[in-house]
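Enquirer: File follows, start_4.cif with mmCIF, C-alpha atoms (C1' of nucleotides):
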```cif
data_entry
#
loop_
_atom_site.label_atom_id
_atom_site.label_comp_id
_atom_site.auth_asym_id
_atom_site.auth_seq_id
_atom_site.Cartn_x
_atom_site.Cartn_y
_atom_site.Cartn_z
CA MET P 303 0.17 2.00 -1.36
CA ARG P 304 1.82 3.63 -4.29
CA ASN P 305 4.64 6.08 -3.91
CA ASP P 306 3.55 9.45 -2.64
CA SER P 307 5.01 11.72 -5.31
CA ARG P 308 3.08 14.83 -4.37
CA LEU P 309 6.10 16.61 -2.97
CA SER P 310 8.34 16.10 -5.97
CA ARG P 311 5.49 16.84 -8.34
CA MET P 312 4.67 20.12 -6.66
CA LEU P 313 8.32 21.15 -6.56
CA HIS P 314 8.50 20.40 -10.25
CA VAL P 315 5.44 22.51 -10.92
CA LEU P 316 6.50 25.42 -8.74
CA LEU P 317 9.87 25.70 -10.46
CA HIS P 318 8.17 25.77 -13.84
CA MET P 319 5.67 28.36 -12.62
CA ALA P 320 8.52 30.49 -11.37
CA ARG P 321 9.89 30.64 -14.92
CA HIS P 322 6.55 31.18 -16.55
CA ASP P 323 4.79 34.48 -17.08
CA GLY P 324 1.11 34.49 -16.23
CA PRO P 325 -1.14 31.77 -14.90
CA MET P 326 -0.71 28.11 -15.82
CA THR P 327 -3.82 26.04 -16.28
CA SER P 328 -4.33 22.69 -14.60
CA GLU P 329 -4.40 21.13 -18.04
CA ALA P 330 -1.00 22.53 -18.93
CA ILE P 331 0.42 21.42 -15.59
CA ALA P 332 -1.13 17.99 -15.98
CA ALA P 333 0.52 17.61 -19.38
CA MET P 334 3.82 18.56 -17.79
CA LEU P 335 3.41 15.99 -15.04
CA ARG P 336 1.93 13.45 -17.44
CA THR P 337 -1.19 13.13 -15.35
CA ASN P 338 -4.74 14.37 -15.05
CA ALA P 339 -5.95 17.93 -14.45
CA VAL P 340 -8.11 16.78 -11.54
CA VAL P 341 -5.09 15.28 -9.83
CA VAL P 342 -3.33 18.60 -10.30
CA ARG P 343 -6.20 20.59 -8.77
CA ARG P 344 -6.47 18.15 -5.91
CA THR P 345 -2.78 18.35 -5.07
CA MET P 346 -2.40 22.09 -5.70
CA ALA P 347 -5.35 22.70 -3.39
CA GLY P 348 -3.02 22.11 -0.45
CA LEU P 349 -0.60 24.74 -1.71
CA ARG P 350 -3.47 27.14 -2.28
CA ASP P 351 -4.87 26.63 1.22
CA ALA P 352 -1.40 27.33 2.60
CA GLY P 353 -1.28 30.55 0.57
CA TYR P 354 1.66 29.52 -1.57
CA VAL P 355 -0.25 29.70 -4.84
CA ARG P 356 -3.48 31.27 -6.04
CA SER P 357 -5.98 29.99 -8.56
CA GLU P 358 -8.18 32.03 -10.87
CA LYS P 359 -11.18 30.85 -12.79
CA GLY P 360 -12.33 31.74 -16.27
CA HIS P 361 -10.52 33.03 -19.32
CA GLY P 362 -6.87 33.64 -18.67
CA GLY P 363 -7.21 31.88 -15.37
CA GLY P 364 -5.03 29.22 -13.83
CA TRP P 365 -2.42 28.96 -11.13
CA VAL P 366 0.11 31.58 -10.05
CA ILE P 367 2.70 31.71 -7.31
CA ALA P 368 1.54 33.82 -4.37
CA CYS P 369 4.54 33.86 -2.09
CA ASP P 370 8.26 34.54 -1.94
CA LEU P 371 10.06 31.42 -3.09
CA GLU P 372 13.03 32.58 -1.07
CA HIS P 373 11.07 31.72 2.04
CA LEU P 374 9.32 28.61 0.80
CA SER P 375 11.13 25.43 1.80
CA LEU P 376 10.72 21.89 0.55
CA LEU P 377 9.37 21.05 3.99
CA ASP P 378 6.69 23.73 3.62
CA VAL P 379 5.59 22.11 0.38
CA HIS P 380 5.69 18.64 1.90
CA ARG P 381 3.41 19.74 4.70
CA ALA P 382 1.13 21.71 2.42
CA VAL P 383 0.36 18.68 0.28
CA GLY P 384 -0.63 16.91 3.45
CA GLY P 385 2.11 14.34 3.40
CA PRO P 386 2.46 13.49 7.05
CA ARG P 387 3.24 9.82 6.49
CA LEU P 388 6.88 9.29 5.64
CA PHE P 389 7.74 5.69 6.32
CA VAL P 390 6.41 2.43 5.00
CA ILE P 391 7.66 0.54 8.01
CA GLY P 392 6.19 0.89 11.46
CA ASN P 393 4.80 -0.96 14.42
CA GLU P 394 1.77 -3.18 14.34
CA HIS P 395 0.11 -2.05 17.56
CA ALA P 396 0.45 1.47 18.90
CA ASN P 397 -0.02 0.58 22.55
CA PRO P 398 0.62 -3.11 23.04
CA ASP P 399 -0.04 -4.99 26.26
CA CYS P 400 3.06 -7.10 25.83
CA ALA P 401 6.07 -5.55 27.55
CA VAL P 402 8.44 -7.05 25.01
CA GLU P 403 6.46 -5.51 22.19
CA GLN P 404 6.48 -2.16 23.96
CA LEU P 405 10.24 -2.23 24.12
CA VAL P 406 10.55 -3.22 20.48
CA ASN P 407 8.16 -0.48 19.44
CA GLU P 408 10.20 2.10 21.29
CA ALA P 409 13.41 0.93 19.70
CA VAL P 410 11.97 1.09 16.20
CA GLU P 411 10.21 4.37 16.80
CA ASP P 412 13.34 5.98 18.19
CA ALA P 413 15.20 5.16 15.01
CA LEU P 414 12.33 6.31 12.81
CA ASP P 415 11.91 9.54 14.75
CA GLU P 416 15.56 10.38 14.34
CA ALA P 417 15.46 9.68 10.63
CA GLU P 418 12.31 11.75 10.27
CA ALA P 419 13.87 14.66 12.13
CA LEU P 420 16.89 14.59 9.86
CA LEU P 421 14.76 14.40 6.75
CA GLU P 422 12.64 17.35 7.81
CA LYS P 423 15.73 19.31 8.69
CA ARG P 424 17.15 18.69 5.25
CA LEU P 425 13.89 19.60 3.54
CA ALA P 426 13.61 22.75 5.61
CA ALA P 427 17.12 23.82 4.68
CA VAL P 428 16.41 24.22 0.97
CA SER P 429 14.19 26.94 -0.45
CA LEU P 430 12.46 26.85 -3.78
CA ALA P 431 14.48 29.90 -4.77
CA GLU P 432 17.71 28.03 -4.11
CA LEU P 433 16.48 25.11 -6.15
CA SER P 434 15.63 27.46 -8.97
CA ARG P 435 19.07 29.04 -8.84
CA GLY P 436 20.55 25.57 -8.91
CA PHE P 437 18.77 25.07 -12.17
CA ASP P 438 20.15 28.31 -13.62
CA VAL P 439 23.64 27.27 -12.67
CA ARG P 440 23.28 23.86 -14.22
CA CYS P 441 21.86 25.26 -17.44
CA ALA P 442 24.74 27.68 -17.68
CA GLY P 443 27.03 24.67 -17.75
CA LEU P 444 28.75 25.73 -14.58
CA SER P 445 28.17 22.49 -12.73
CA MET E 155 -0.26 0.04 1.26
CA ARG E 156 -0.60 -0.87 4.87
CA ASN E 157 2.20 -0.35 7.31
CA ASP E 158 5.04 -2.77 6.89
CA SER E 159 5.29 -4.18 10.40
CA ARG E 160 7.48 -7.14 9.54
CA LEU E 161 10.52 -5.69 11.26
CA SER E 162 8.83 -4.95 14.57
CA ARG E 163 6.93 -8.22 14.47
CA MET E 164 10.08 -10.25 13.96
CA LEU E 165 11.91 -8.38 16.69
CA HIS E 166 9.01 -9.12 18.97
CA VAL E 167 9.12 -12.81 18.08
CA LEU E 168 12.88 -13.13 18.37
CA LEU E 169 12.90 -11.65 21.86
CA HIS E 170 10.22 -14.07 22.94
CA MET E 171 12.07 -16.97 21.37
CA ALA E 172 15.21 -15.95 23.20
CA ARG E 173 13.34 -16.40 26.49
CA HIS E 174 11.68 -19.62 25.49
CA ASP E 175 13.08 -23.11 25.79
CA GLY E 176 12.59 -25.33 22.80
CA PRO E 177 10.96 -24.62 19.44
CA MET E 178 7.97 -22.35 19.06
CA THR E 179 5.33 -23.33 16.53
CA SER E 180 3.99 -20.93 13.93
CA GLU E 181 0.59 -21.24 15.61
CA ALA E 182 1.96 -20.14 18.96
CA ILE E 183 3.83 -17.25 17.37
CA ALA E 184 0.75 -16.26 15.39
CA ALA E 185 -1.30 -16.14 18.58
CA MET E 186 1.37 -13.93 20.12
CA LEU E 187 1.31 -11.56 17.15
CA ARG E 188 -2.47 -11.84 16.84
CA THR E 189 -2.20 -12.97 13.28
CA ASN E 190 -2.16 -16.08 11.12
CA ALA E 191 0.35 -18.94 11.10
CA VAL E 192 0.83 -18.60 7.37
CA VAL E 193 1.81 -14.98 7.78
CA VAL E 194 4.30 -16.08 10.40
CA ARG E 195 5.86 -18.72 8.15
CA ARG E 196 6.01 -16.32 5.26
CA THR E 197 7.76 -13.64 7.28
CA MET E 198 10.02 -15.98 9.23
CA ALA E 199 11.13 -17.54 5.95
CA GLY E 200 13.34 -14.52 5.39
CA LEU E 201 15.03 -14.99 8.74
CA ARG E 202 15.46 -18.68 8.02
CA ASP E 203 17.03 -18.03 4.62
CA ALA E 204 19.44 -15.63 6.31
CA GLY E 205 20.36 -18.32 8.81
CA TYR E 206 19.06 -16.42 11.85
CA VAL E 207 16.45 -19.05 12.76
CA ARG E 208 15.84 -22.68 11.91
CA SER E 209 12.55 -24.50 11.41
CA GLU E 210 11.81 -28.15 12.16
CA LYS E 211 8.85 -30.14 10.98
CA GLY E 212 6.83 -32.75 12.80
CA HIS E 213 6.21 -33.45 16.44
CA GLY E 214 8.10 -31.09 18.68
CA GLY E 215 8.97 -29.00 15.66
CA GLY E 216 8.78 -25.27 15.21
CA TRP E 217 11.16 -22.35 15.14
CA VAL E 218 14.42 -21.91 17.04
CA ILE E 219 17.06 -19.22 17.04
CA ALA E 220 20.12 -20.29 15.10
CA CYS E 221 22.53 -17.43 15.64
CA ASP E 222 24.17 -15.29 18.26
CA LEU E 223 21.78 -12.48 19.17
CA GLU E 224 24.79 -10.46 20.25
CA HIS E 225 25.71 -10.13 16.59
CA LEU E 226 22.23 -9.78 15.15
CA SER E 227 21.23 -6.17 14.61
CA LEU E 228 17.85 -4.64 13.94
CA LEU E 229 19.16 -3.79 10.48
CA ASP E 230 19.98 -7.46 9.86
CA VAL E 231 16.39 -8.34 10.67
CA HIS E 232 15.05 -5.52 8.54
CA ARG E 233 17.01 -6.76 5.55
CA ALA E 234 16.18 -10.40 6.20
CA VAL E 235 12.45 -9.77 6.03
CA GLY E 236 13.05 -8.17 2.67
CA GLY E 237 12.07 -4.67 3.67
CA PRO E 238 14.02 -2.59 1.20
CA ARG E 239 11.36 0.07 0.83
CA LEU E 240 11.48 2.59 3.66
CA PHE E 241 9.73 5.71 2.52
CA VAL E 242 6.25 6.40 1.33
CA ILE E 243 7.32 9.53 -0.50
CA GLY E 244 9.44 9.49 -3.59
CA ASN E 245 9.77 10.72 -7.12
CA GLU E 246 7.33 10.01 -9.88
CA HIS E 247 9.76 9.27 -12.69
CA ALA E 248 13.16 7.75 -12.05
CA ASN E 249 14.87 9.27 -15.08
CA PRO E 250 12.87 12.22 -16.31
CA ASP E 251 13.57 14.07 -19.53
CA CYS E 252 12.76 17.41 -17.96
CA ALA E 253 15.83 19.09 -16.53
CA VAL E 254 13.80 20.79 -13.84
CA GLU E 255 12.37 17.48 -12.75
CA GLN E 256 15.83 15.97 -12.68
CA LEU E 257 16.99 18.68 -10.31
CA VAL E 258 13.96 18.25 -8.08
CA ASN E 259 14.44 14.51 -7.99
CA GLU E 260 18.03 14.91 -6.93
CA ALA E 261 17.10 17.32 -4.17
CA VAL E 262 14.43 15.01 -2.78
CA GLU E 263 16.58 11.92 -3.18
CA ASP E 264 19.49 13.54 -1.41
CA ALA E 265 17.34 14.23 1.61
CA LEU E 266 15.82 10.75 1.54
CA ASP E 267 19.21 9.10 1.14
CA GLU E 268 20.56 10.92 4.15
CA ALA E 269 17.59 9.99 6.27
CA GLU E 270 17.83 6.39 5.12
CA ALA E 271 21.52 6.25 5.96
CA LEU E 272 20.85 7.55 9.45
CA LEU E 273 18.01 5.12 10.00
CA GLU E 274 20.11 2.17 8.89
CA LYS E 275 22.96 3.34 11.08
CA ARG E 276 20.64 3.47 14.07
CA LEU E 277 19.18 0.06 13.30
CA ALA E 278 22.64 -1.39 12.86
CA ALA E 279 23.77 -0.01 16.21
CA VAL E 280 21.38 -2.10 18.29
CA SER E 281 21.67 -5.86 18.66
CA LEU E 282 18.87 -8.19 19.64
CA ALA E 283 20.91 -9.11 22.71
CA GLU E 284 21.00 -5.48 23.80
CA LEU E 285 17.27 -5.19 23.29
CA SER E 286 16.77 -8.28 25.38
CA ARG E 287 18.96 -6.90 28.16
CA GLY E 288 16.97 -3.71 28.01
CA PHE E 289 13.92 -5.77 28.75
CA ASP E 290 15.59 -7.40 31.76
CA VAL E 291 16.54 -4.03 33.13
CA ARG E 292 13.06 -2.67 32.70
CA CYS E 293 11.46 -5.68 34.36
CA ALA E 294 13.83 -5.35 37.28
CA GLY E 295 12.38 -1.90 37.81
CA LEU E 296 15.72 -0.25 37.28
CA SER E 297 14.55 2.09 34.57
"C1'" DA W 329 -24.85 33.41 -24.09
"C1'" DA W 330 -20.75 30.86 -24.92
"C1'" DT W 331 -16.41 29.53 -23.44
"C1'" DC W 332 -12.80 28.68 -20.29
"C1'" DA W 333 -11.04 27.28 -15.99
"C1'" DT W 334 -11.40 25.83 -11.33
"C1'" DG W 335 -14.05 23.07 -7.45
"C1'" DT W 336 -15.99 19.02 -6.06
"C1'" DA W 337 -17.95 14.51 -5.77
"C1'" DA W 338 -17.96 9.73 -6.92
"C1'" DC W 339 -15.84 5.81 -8.45
"C1'" DA W 340 -12.05 2.83 -10.56
"C1'" DT W 341 -7.17 1.55 -10.49
"C1'" DT W 342 -2.91 0.29 -8.45
"C1'" DA W 343 0.81 -1.68 -5.39
"C1'" DG W 344 2.22 -4.20 -1.63
"C1'" DA W 345 1.50 -5.98 3.08
"C1'" DA W 346 -1.52 -8.81 5.41
"C1'" DG W 347 -5.26 -12.34 5.98
"C1'" DT W 348 -7.12 -16.90 4.61
"C1'" DA W 349 -7.93 -21.60 2.76
"C1'" DT W 350 -5.94 -25.63 0.93
"C1'" DC W 351 -2.86 -29.23 0.07
"C1'" DA W 352 1.79 -31.33 -0.15
"C1'" DT W 353 5.79 -32.81 2.47
"C1'" DG W 354 8.43 -34.41 6.07
"C1'" DA W 355 9.09 -35.91 11.08
"C1'" DC W 356 7.77 -37.97 15.15
"C1'" DT W 357 4.82 -41.28 17.73
"C1'" DA W 358 2.20 -45.26 18.77
"C1'" DT H 597 2.77 -48.65 8.90
"C1'" DA H 598 -0.85 -45.38 10.13
"C1'" DG H 599 -1.87 -41.17 12.32
"C1'" DT H 600 -0.70 -36.76 13.85
"C1'" DC H 601 1.84 -32.55 13.97
"C1'" DA H 602 4.33 -29.01 11.90
"C1'" DT H 603 6.35 -26.57 8.09
"C1'" DG H 604 6.36 -25.32 2.83
"C1'" DA H 605 4.05 -23.53 -0.84
"C1'" DT H 606 0.33 -21.85 -3.71
"C1'" DA H 607 -3.58 -19.22 -4.71
"C1'" DC H 608 -6.44 -16.45 -3.65
"C1'" DT H 609 -8.97 -12.17 -0.89
"C1'" DT H 610 -8.71 -7.99 1.93
"C1'" DC H 611 -6.98 -3.57 3.21
"C1'" DT H 612 -5.13 1.20 2.58
"C1'" DA H 613 -3.89 5.43 0.50
"C1'" DA H 614 -2.28 7.63 -3.64
"C1'" DT H 615 -3.51 8.10 -8.23
"C1'" DG H 616 -6.50 7.99 -12.41
"C1'" DT H 617 -10.95 9.09 -14.45
"C1'" DT H 618 -15.62 10.81 -15.41
"C1'" DA H 619 -19.12 14.01 -14.65
"C1'" DC H 620 -21.11 18.13 -13.26
"C1'" DA H 621 -21.45 22.64 -10.72
"C1'" DT H 622 -19.57 27.33 -10.25
"C1'" DG H 623 -17.51 31.51 -11.38
"C1'" DA H 624 -14.88 34.70 -14.68
"C1'" DT H 625 -13.98 36.42 -19.20
"C1'" DT H 626 -15.26 37.49 -23.91
#
```
Re-express the file's structure as structure tokens.

Expert:
Amino acid sequence: MRNDSRLSRMLHVLLHMARHDGPMTSEAIAAMLRTNAVVVRRTMAGLRDAGYVRSEKGHGGGWVIACDLEHLSLLDVHRAVGGPRLFVIGNEHANPDCAVEQLVNEAVEDALDEAEALLEKRLAAVSLAELSRGFDVRCAGLS
Amino acid sequence: MRNDSRLSRMLHVLLHMARHDGPMTSEAIAAMLRTNAVVVRRTMAGLRDAGYVRSEKGHGGGWVIACDLEHLSLLDVHRAVGGPRLFVIGNEHANPDCAVEQLVNEAVEDALDEAEALLEKRLAAVSLAELSRGFDVRCAGLS
DNA sequence: AATCATGTAACATTAGAAGTATCATGACTA
DNA sequence: TAGTCATGATACTTCTAATGTTACATGATT
């Protein structure tokens, strides 16, 4: 499969929305992401269902942030876009008959589970607001 | 893409080979993995190039282990099968023009890099010999 | 009523692992 | 030396999920 870039795309969009007055249309967002407006709607739908953004139809419509970015973590966004699959690698059979394969599966899964836990911990530790402040700092030439 | 199960498949095979006298043919291994002999040859080729196994043609030919399993880690196998890609998720553009996107990419990559480092550390910490001993212990009903 | 914007459905594209068929090559056996 | 067995290599097809694209329905604003 191709890279799942929904998380980084949505983070990108949310930071722009945070610095933008008024709604942003899917077309404008799509231009920003260099993609299609339908892809934007499809991906943003997850954020909308989670209550992180709102969408308005008609003239002057578009997408607006509907939550406190201080309490929105990267992990929240990851989950909202429905990105449960993290790893490319994995076992072939979930519940093999072969005892050797069972042992191998456990060994691989243990390592993957640990890595997944760490990744989620790291994603949960950063809020969108912090990310946004990081941008301010960088633009001010202080880092 | 489908799951990359090359690592767990090769671990499975290596443990069986360690308990098997004489060469194992690709056909026999394929039956074990419930797959095709060509897939076996293709995947085992990486292990052969790394010097972990050897292959012999003709009558009585097949695959044999050519290294000390005590010093062969899960990470060695992972690398030998050419599995550099670990994560499904990632950034859309490697070197974006947009400063916001750059910051987002760094944040996501930092988290992924940490998780990858931990995973590799865990894979490097277990040798095939240890795995094999774990199997002995389990079969003896001691765990 | 016309326009703008989202919502949704349907289908094509893409990337990489896996599955498959075929033939060449080399090794052992009779 | 011929026949068989096994790997080596090539050239496809299949599979899966994200992404790209087209088309149309729906609702809000002017």

Enquirer: Return as a Markdown table the residues of chain P lying at most 7 Å from chain H, together with the closest atom-to-atom pair for each and the distance in Å to one decimal, counting only C-alpha atoms (C1' of nucleotides), with rows in chain order and ascending residue number.

Expert:
```
| residue | atom | partner | partner_atom | distance |
| --- | --- | --- | --- | --- |
| P:Met303 | CA | H:DA613 | C1' | 5.6 |
| P:Arg304 | CA | H:DA614 | C1' | 5.8 |
| P:Asp306 | CA | H:DA614 | C1' | 6.2 |
| P:Lys359 | CA | H:DA624 | C1' | 5.7 |
| P:Gly360 | CA | H:DA624 | C1' | 4.2 |
| P:His361 | CA | H:DT625 | C1' | 4.8 |
```

Enquirer: Using the chain letters and residue numbers of this document, give as a PDB file with C-alpha atoms, in the frame of the given file the residues selected by the PyMOL selection byres ((chain P) within 8 of (chain E)).

Expert:
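Writing the result to expr18.pdb gives the following:
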```pdb
ATOM      1  CA  MET P 303       0.170   2.000  -1.360  1.00  0.00           C
ATOM      2  CA  ARG P 304       1.820   3.630  -4.290  1.00  0.00           C
ATOM      3  CA  ASN P 305       4.640   6.080  -3.910  1.00  0.00           C
ATOM      4  CA  ASP P 306       3.550   9.450  -2.640  1.00  0.00           C
ATOM      5  CA  SER P 307       5.010  11.720  -5.310  1.00  0.00           C
ATOM      6  CA  ARG P 308       3.080  14.830  -4.370  1.00  0.00           C
ATOM      7  CA  LEU P 309       6.100  16.610  -2.970  1.00  0.00           C
ATOM      8  CA  SER P 310       8.340  16.100  -5.970  1.00  0.00           C
ATOM      9  CA  ARG P 311       5.490  16.840  -8.340  1.00  0.00           C
ATOM     10  CA  LEU P 313       8.320  21.150  -6.560  1.00  0.00           C
ATOM     11  CA  HIS P 314       8.500  20.400 -10.250  1.00  0.00           C
ATOM     12  CA  LEU P 317       9.870  25.700 -10.460  1.00  0.00           C
ATOM     13  CA  HIS P 318       8.170  25.770 -13.840  1.00  0.00           C
ATOM     14  CA  ARG P 387       3.240   9.820   6.490  1.00  0.00           C
ATOM     15  CA  LEU P 388       6.880   9.290   5.640  1.00  0.00           C
ATOM     16  CA  PHE P 389       7.740   5.690   6.320  1.00  0.00           C
ATOM     17  CA  VAL P 390       6.410   2.430   5.000  1.00  0.00           C
ATOM     18  CA  ILE P 391       7.660   0.540   8.010  1.00  0.00           C
ATOM     19  CA  GLY P 392       6.190   0.890  11.460  1.00  0.00           C
ATOM     20  CA  ASN P 393       4.800  -0.960  14.420  1.00  0.00           C
ATOM     21  CA  GLU P 394       1.770  -3.180  14.340  1.00  0.00           C
ATOM     22  CA  ALA P 401       6.070  -5.550  27.550  1.00  0.00           C
ATOM     23  CA  VAL P 402       8.440  -7.050  25.010  1.00  0.00           C
ATOM     24  CA  GLU P 403       6.460  -5.510  22.190  1.00  0.00           C
ATOM     25  CA  LEU P 405      10.240  -2.230  24.120  1.00  0.00           C
ATOM     26  CA  VAL P 406      10.550  -3.220  20.480  1.00  0.00           C
ATOM     27  CA  ASN P 407       8.160  -0.480  19.440  1.00  0.00           C
ATOM     28  CA  VAL P 410      11.970   1.090  16.200  1.00  0.00           C
ATOM     29  CA  ALA P 413      15.200   5.160  15.010  1.00  0.00           C
ATOM     30  CA  LEU P 414      12.330   6.310  12.810  1.00  0.00           C
ATOM     31  CA  GLU P 416      15.560  10.380  14.340  1.00  0.00           C
ATOM     32  CA  ALA P 417      15.460   9.680  10.630  1.00  0.00           C
ATOM     33  CA  GLU P 418      12.310  11.750  10.270  1.00  0.00           C
ATOM     34  CA  LEU P 420      16.890  14.590   9.860  1.00  0.00           C
ATOM     35  CA  LEU P 421      14.760  14.400   6.750  1.00  0.00           C
ATOM     36  CA  ARG P 424      17.150  18.690   5.250  1.00  0.00           C
ATOM     37  CA  LEU P 425      13.890  19.600   3.540  1.00  0.00           C
ATOM     38  CA  LEU P 433      16.480  25.110  -6.150  1.00  0.00           C
ATOM     39  CA  GLY P 436      20.550  25.570  -8.910  1.00  0.00           C
ATOM     40  CA  PHE P 437      18.770  25.070 -12.170  1.00  0.00           C
TER      41      PHE P 437
END
```

Enquirer: What is the distance, in Å and to one decimal place, between CA of Glu224 (chain E) and CA of Thr179 (chain E)?

Expert: 23.6 Å

Enquirer: Tell me the residues of chain W close to chain E, meaning within 6 Å using only C-alpha atoms (C1' of nucleotides), as number ranges by chain.

Expert: W: 344-345, 355-356

Enquirer: Rounded to one decimal place, report the CA of Gly364 (chain P)-CA of Val383 (chain P) distance in Å.

Expert: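 Interatomic distance here is 18.4 Å.
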
Enquirer: What is the distance, in Å and to one decimal place, between C1' of DT350 (chain W) and CA of Met198 (chain E)?

Expert: 20.4 Å

Enquirer: Translate the PyMOL selection byres ((chain E and resi 223) around 12) into a concrete residue list for this structure, as a PyMOL selection string.

Expert: chain E and resi 165+168-169+171-173+205-207+219-222+224-228+230-231+280-287

Enquirer: Can you tell me, as lines of an AutoDock Vina configuration file, the centre and edge lengths (Å, one decimal) of the axis-aligned box enclosing all of region 260-278 of chain E's listed atoms after padding each side by 6 Å?

Expert:
```
center_x = 18.7
center_y = 8.0
center_z = 3.6
size_x = 20.5
size_y = 30.7
size_z = 33.0
```

Enquirer: Can we get region 158-175 of chain E of that structure written down with C-alpha atoms, as a PDB file, in the first residue's frame?

Expert:
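Now in selection18.pdb:
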```pdb
ATOM      1  CA  ASP E 158       5.126  -7.890   5.090  1.00  0.00           C
ATOM      2  CA  SER E 159       5.448 -11.278   6.760  1.00  0.00           C
ATOM      3  CA  ARG E 160       8.927 -12.064   5.510  1.00  0.00           C
ATOM      4  CA  LEU E 161      10.509 -11.643   8.919  1.00  0.00           C
ATOM      5  CA  SER E 162       8.142 -13.938  10.783  1.00  0.00           C
ATOM      6  CA  ARG E 163       8.161 -16.447   7.954  1.00  0.00           C
ATOM      7  CA  MET E 164      11.942 -16.661   7.915  1.00  0.00           C
ATOM      8  CA  LEU E 165      12.112 -16.971  11.688  1.00  0.00           C
ATOM      9  CA  HIS E 166       9.617 -19.784  11.444  1.00  0.00           C
ATOM     10  CA  VAL E 167      11.698 -21.518   8.781  1.00  0.00           C
ATOM     11  CA  LEU E 168      15.005 -21.049  10.549  1.00  0.00           C
ATOM     12  CA  LEU E 169      13.705 -22.586  13.754  1.00  0.00           C
ATOM     13  CA  HIS E 170      12.442 -25.586  11.846  1.00  0.00           C
ATOM     14  CA  MET E 171      15.721 -25.905   9.981  1.00  0.00           C
ATOM     15  CA  ALA E 172      17.581 -25.813  13.271  1.00  0.00           C
ATOM     16  CA  ARG E 173      15.654 -28.914  14.358  1.00  0.00           C
ATOM     17  CA  HIS E 174      16.008 -30.695  11.062  1.00  0.00           C
ATOM     18  CA  ASP E 175      18.881 -32.856   9.917  1.00  0.00           C
TER      19      ASP E 175
END
```
